Amino acid sequence: MAELRPITEENFLDAFSLKLADGQELFVSHPIRSLAQAYVYRDQCQPFGIYAKGKMTGYVMVIYDYDVPEYDIWHMMIDEDEQGKGYGGEALDEVIRYIKTKPFGSSDRIALTCNKNNPKAIKLYESRGFVPTGNEDEDEIEFAMTLE
């Protein structure tokens, strides 16, 4: 079972050690870039390590967009050696549970973008209730869901 743990000074180097599988750099940024963004947006976001069996197996960041308002899921990735074990789906479920607590503000909308050439991620997001919004930017498709 995957769990989320906030990125702190005790575990951020573990996030730096995560590796994307060949070709996945086209789909998601490495946590090093994401953590730089987390610092800039520190008053409205939370980066998490995705843990399974006590080991960091992935990374995801939740950010609150005050302008919309909505919660966004950024840079979700699972280490290349840990893919295919169900950790991505479990982590996404945990992210949705976290957002339901409305840690940064009120909103019932969650959005994310996905590369249109990443069918595994699209299938995962759709399996959790995300639907395409019709908004696209270059090769990225926006998906969203409304919390009940």
# chains A, B, ... in the order shown; residues from 1 in each chain; ligands from 1

call {"tool": "residues_around", "arguments": {"residues": "stretch 94-96 of chain A", "least_positions_apart": "3", "cutoff": "8 Å", "atoms": "only C-alpha atoms", "output": "PyMOL selection string"}}
result
chain A and resi 3-4+62+90-91+99-100

call {"tool": "write_last_selection", "arguments": {"atoms": "all heavy atoms", "output": "tab-separated table (two decimals), in the first residue's frame"}}
result
chain	number	residue	atom	x	y	z
A	3	GLU	N	1.76	5.19	0.47
A	3	GLU	CA	1.37	6.28	1.35
A	3	GLU	C	2.14	7.53	0.96
A	3	GLU	O	3.21	7.45	0.36
A	3	GLU	CB	1.62	5.93	2.82
A	3	GLU	CG	3.08	5.79	3.17
A	3	GLU	CD	3.34	5.60	4.66
A	3	GLU	OE1	2.91	6.44	5.46
A	3	GLU	OE2	3.98	4.60	5.00
A	4	LEU	N	1.58	8.68	1.31
A	4	LEU	CA	2.22	9.96	1.05
A	4	LEU	C	2.90	10.45	2.30
A	4	LEU	O	2.33	10.39	3.39
A	4	LEU	CB	1.19	10.99	0.60
A	4	LEU	CG	0.33	10.67	-0.61
A	4	LEU	CD1	-0.66	11.80	-0.86
A	4	LEU	CD2	1.19	10.41	-1.83
A	62	VAL	N	0.98	18.58	-4.83
A	62	VAL	CA	-0.36	19.16	-4.85
A	62	VAL	C	-0.19	20.67	-4.71
A	62	VAL	O	0.53	21.14	-3.83
A	62	VAL	CB	-1.23	18.62	-3.70
A	62	VAL	CG1	-2.56	19.36	-3.63
A	62	VAL	CG2	-1.44	17.12	-3.85
A	90	GLU	N	-2.56	3.79	-6.18
A	90	GLU	CA	-2.72	3.96	-4.73
A	90	GLU	C	-2.35	5.37	-4.31
A	90	GLU	O	-3.03	5.98	-3.48
A	90	GLU	CB	-1.85	2.94	-4.00
A	90	GLU	CG	-2.32	1.50	-4.17
A	90	GLU	CD	-1.37	0.48	-3.57
A	90	GLU	OE1	-0.33	0.86	-2.98
A	90	GLU	OE2	-1.66	-0.73	-3.70
A	91	ALA	N	-1.26	5.90	-4.88
A	91	ALA	CA	-0.84	7.25	-4.54
A	91	ALA	C	-1.87	8.28	-5.00
A	91	ALA	O	-2.17	9.23	-4.27
A	91	ALA	CB	0.52	7.56	-5.17
A	99	ILE	N	-6.58	16.07	-0.80
A	99	ILE	CA	-7.23	17.27	-1.33
A	99	ILE	C	-8.62	17.45	-0.73
A	99	ILE	O	-9.05	18.59	-0.49
A	99	ILE	CB	-7.26	17.22	-2.87
A	99	ILE	CG1	-5.83	17.38	-3.42
A	99	ILE	CG2	-8.19	18.29	-3.44
A	99	ILE	CD1	-5.69	17.14	-4.91
A	100	LYS	N	-9.31	16.37	-0.45
A	100	LYS	CA	-10.65	16.47	0.14
A	100	LYS	C	-10.63	17.16	1.50
A	100	LYS	O	-11.64	17.68	1.95
A	100	LYS	CB	-11.27	15.08	0.27
A	100	LYS	CG	-11.78	14.54	-1.04
A	100	LYS	CD	-12.42	13.16	-0.86
A	100	LYS	CE	-13.01	12.65	-2.16
A	100	LYS	NZ	-13.64	11.33	-2.01

call {"tool": "select_by_dssp", "arguments": {"residues": "stretch 34-138 of chain A", "states": "alpha helix (DSSP H)", "output": "ChimeraX atom specification"}}
result
/A:34-40,87-100,119-127

call {"tool": "closest_residue", "arguments": {"among": "A:Gly84, A:Pro132, A:Pro31, A:Pro103", "to": "A:Asn115", "atoms": "only C-alpha atoms"}}
result
A:Pro132

call {"tool": "residues_around", "arguments": {"residues": "A:Gly86", "least_positions_apart": "4", "cutoff": "12 Å", "atoms": "only C-alpha atoms", "output": "list in words"}}
result
Met1, Ala2, Glu3, Ile50, Tyr51, Ala52, Thr57, Gly58, Ile78, Glu82, Glu90, Ala91, Leu92, Asp93, Lys120 and Leu124 of chain A

call {"tool": "write_last_selection", "arguments": {"atoms": "N, CA and C atoms", "output": "mmCIF file, in the first residue's frame"}}
result
data_model
loop_
_atom_site.group_PDB
_atom_site.id
_atom_site.type_symbol
_atom_site.label_atom_id
_atom_site.label_comp_id
_atom_site.auth_asym_id
_atom_site.auth_seq_id
_atom_site.Cartn_x
_atom_site.Cartn_y
_atom_site.Cartn_z
ATOM 1 N N MET A 1 0.842 -1.188 0.000
ATOM 2 C CA MET A 1 0.000 0.000 0.000
ATOM 3 C C MET A 1 0.878 1.239 0.000
ATOM 4 N N ALA A 2 0.639 2.120 -0.949
ATOM 5 C CA ALA A 2 1.405 3.361 -1.045
ATOM 6 C C ALA A 2 0.861 4.385 -0.056
ATOM 7 N N GLU A 3 1.762 5.191 0.467
ATOM 8 C CA GLU A 3 1.368 6.281 1.354
ATOM 9 C C GLU A 3 2.143 7.528 0.961
ATOM 10 N N ILE A 50 6.126 9.427 -2.418
ATOM 11 C CA ILE A 50 5.226 8.281 -2.433
ATOM 12 C C ILE A 50 6.030 7.113 -1.887
ATOM 13 N N TYR A 51 5.547 6.537 -0.788
ATOM 14 C CA TYR A 51 6.272 5.462 -0.117
ATOM 15 C C TYR A 51 5.519 4.144 -0.218
ATOM 16 N N ALA A 52 6.280 3.077 -0.364
ATOM 17 C CA ALA A 52 5.737 1.721 -0.297
ATOM 18 C C ALA A 52 6.784 0.859 0.387
ATOM 19 N N THR A 57 9.158 5.526 -3.404
ATOM 20 C CA THR A 57 9.025 4.902 -4.724
ATOM 21 C C THR A 57 8.544 5.888 -5.783
ATOM 22 N N GLY A 58 8.201 7.101 -5.362
ATOM 23 C CA GLY A 58 7.725 8.084 -6.318
ATOM 24 C C GLY A 58 7.566 9.455 -5.689
ATOM 25 N N ILE A 78 6.520 7.642 -10.705
ATOM 26 C CA ILE A 78 6.948 6.462 -9.954
ATOM 27 C C ILE A 78 8.322 6.063 -10.493
ATOM 28 N N GLU A 82 10.025 0.693 -9.765
ATOM 29 C CA GLU A 82 8.826 0.419 -8.967
ATOM 30 C C GLU A 82 7.529 0.492 -9.780
ATOM 31 N N GLU A 90 -2.563 3.791 -6.181
ATOM 32 C CA GLU A 90 -2.720 3.958 -4.732
ATOM 33 C C GLU A 90 -2.348 5.368 -4.309
ATOM 34 N N ALA A 91 -1.262 5.896 -4.881
ATOM 35 C CA ALA A 91 -0.835 7.254 -4.543
ATOM 36 C C ALA A 91 -1.872 8.277 -5.003
ATOM 37 N N LEU A 92 -2.433 8.086 -6.181
ATOM 38 C CA LEU A 92 -3.452 9.005 -6.668
ATOM 39 C C LEU A 92 -4.667 9.000 -5.746
ATOM 40 N N ASP A 93 -5.056 7.835 -5.270
ATOM 41 C CA ASP A 93 -6.162 7.760 -4.304
ATOM 42 C C ASP A 93 -5.836 8.554 -3.047
ATOM 43 N N LYS A 120 -0.894 5.013 -20.581
ATOM 44 C CA LYS A 120 -0.991 4.408 -19.243
ATOM 45 C C LYS A 120 -1.466 5.419 -18.215
ATOM 46 N N LEU A 124 -5.032 5.567 -16.110
ATOM 47 C CA LEU A 124 -5.049 5.684 -14.652
ATOM 48 C C LEU A 124 -5.960 6.835 -14.222
#

call {"tool": "residues_around", "arguments": {"residues": "A:Phe143", "least_positions_apart": "4", "cutoff": "7 Å", "atoms": "only C-alpha atoms", "output": "short mmCIF file (atom, residue, chain, number, x, y, z; two decimals) with N, CA, C and O atoms, in the first residue's frame"}}
result
data_model
loop_
_atom_site.label_atom_id
_atom_site.label_comp_id
_atom_site.auth_asym_id
_atom_site.auth_seq_id
_atom_site.Cartn_x
_atom_site.Cartn_y
_atom_site.Cartn_z
N ALA A 111 -7.56 19.36 -10.95
CA ALA A 111 -7.14 19.31 -12.34
C ALA A 111 -5.70 18.81 -12.44
O ALA A 111 -4.92 18.90 -11.48
N LEU A 112 -5.38 18.27 -13.59
CA LEU A 112 -4.02 17.85 -13.89
C LEU A 112 -3.88 17.84 -15.40
O LEU A 112 -4.87 17.89 -16.13
N THR A 113 -2.65 17.80 -15.87
CA THR A 113 -2.42 17.65 -17.30
C THR A 113 -1.63 16.37 -17.53
O THR A 113 -0.91 15.89 -16.66
N PHE A 130 -11.26 11.20 -13.49
CA PHE A 130 -10.85 12.40 -14.21
C PHE A 130 -11.36 12.31 -15.65
O PHE A 130 -11.34 11.24 -16.25
N VAL A 131 -11.82 13.44 -16.17
CA VAL A 131 -12.32 13.49 -17.55
C VAL A 131 -11.61 14.63 -18.29
O VAL A 131 -11.28 15.66 -17.69
N PRO A 132 -11.40 14.45 -19.59
CA PRO A 132 -10.79 15.54 -20.37
C PRO A 132 -11.70 16.76 -20.35
O PRO A 132 -12.92 16.65 -20.47
N THR A 133 -11.10 17.93 -20.20
CA THR A 133 -11.86 19.18 -20.17
C THR A 133 -12.02 19.80 -21.55
O THR A 133 -12.81 20.71 -21.71
#

call {"tool": "residues_around", "arguments": {"residues": "A:Lys19", "least_positions_apart": "6", "cutoff": "9 Å", "atoms": "only C-alpha atoms", "output": "list of chain:residue names"}}
result
A:His30, A:Gly58, A:Met77, A:Ile78, A:Asp79, A:Glu80, A:Asp81

call {"tool": "select_by_dssp", "arguments": {"residues": "chain A", "states": "strand (DSSP E or B)", "output": "PyMOL selection string"}}
result
chain A and resi 3-6+45-52+55-65+70-78+109-115+131-137+140-146
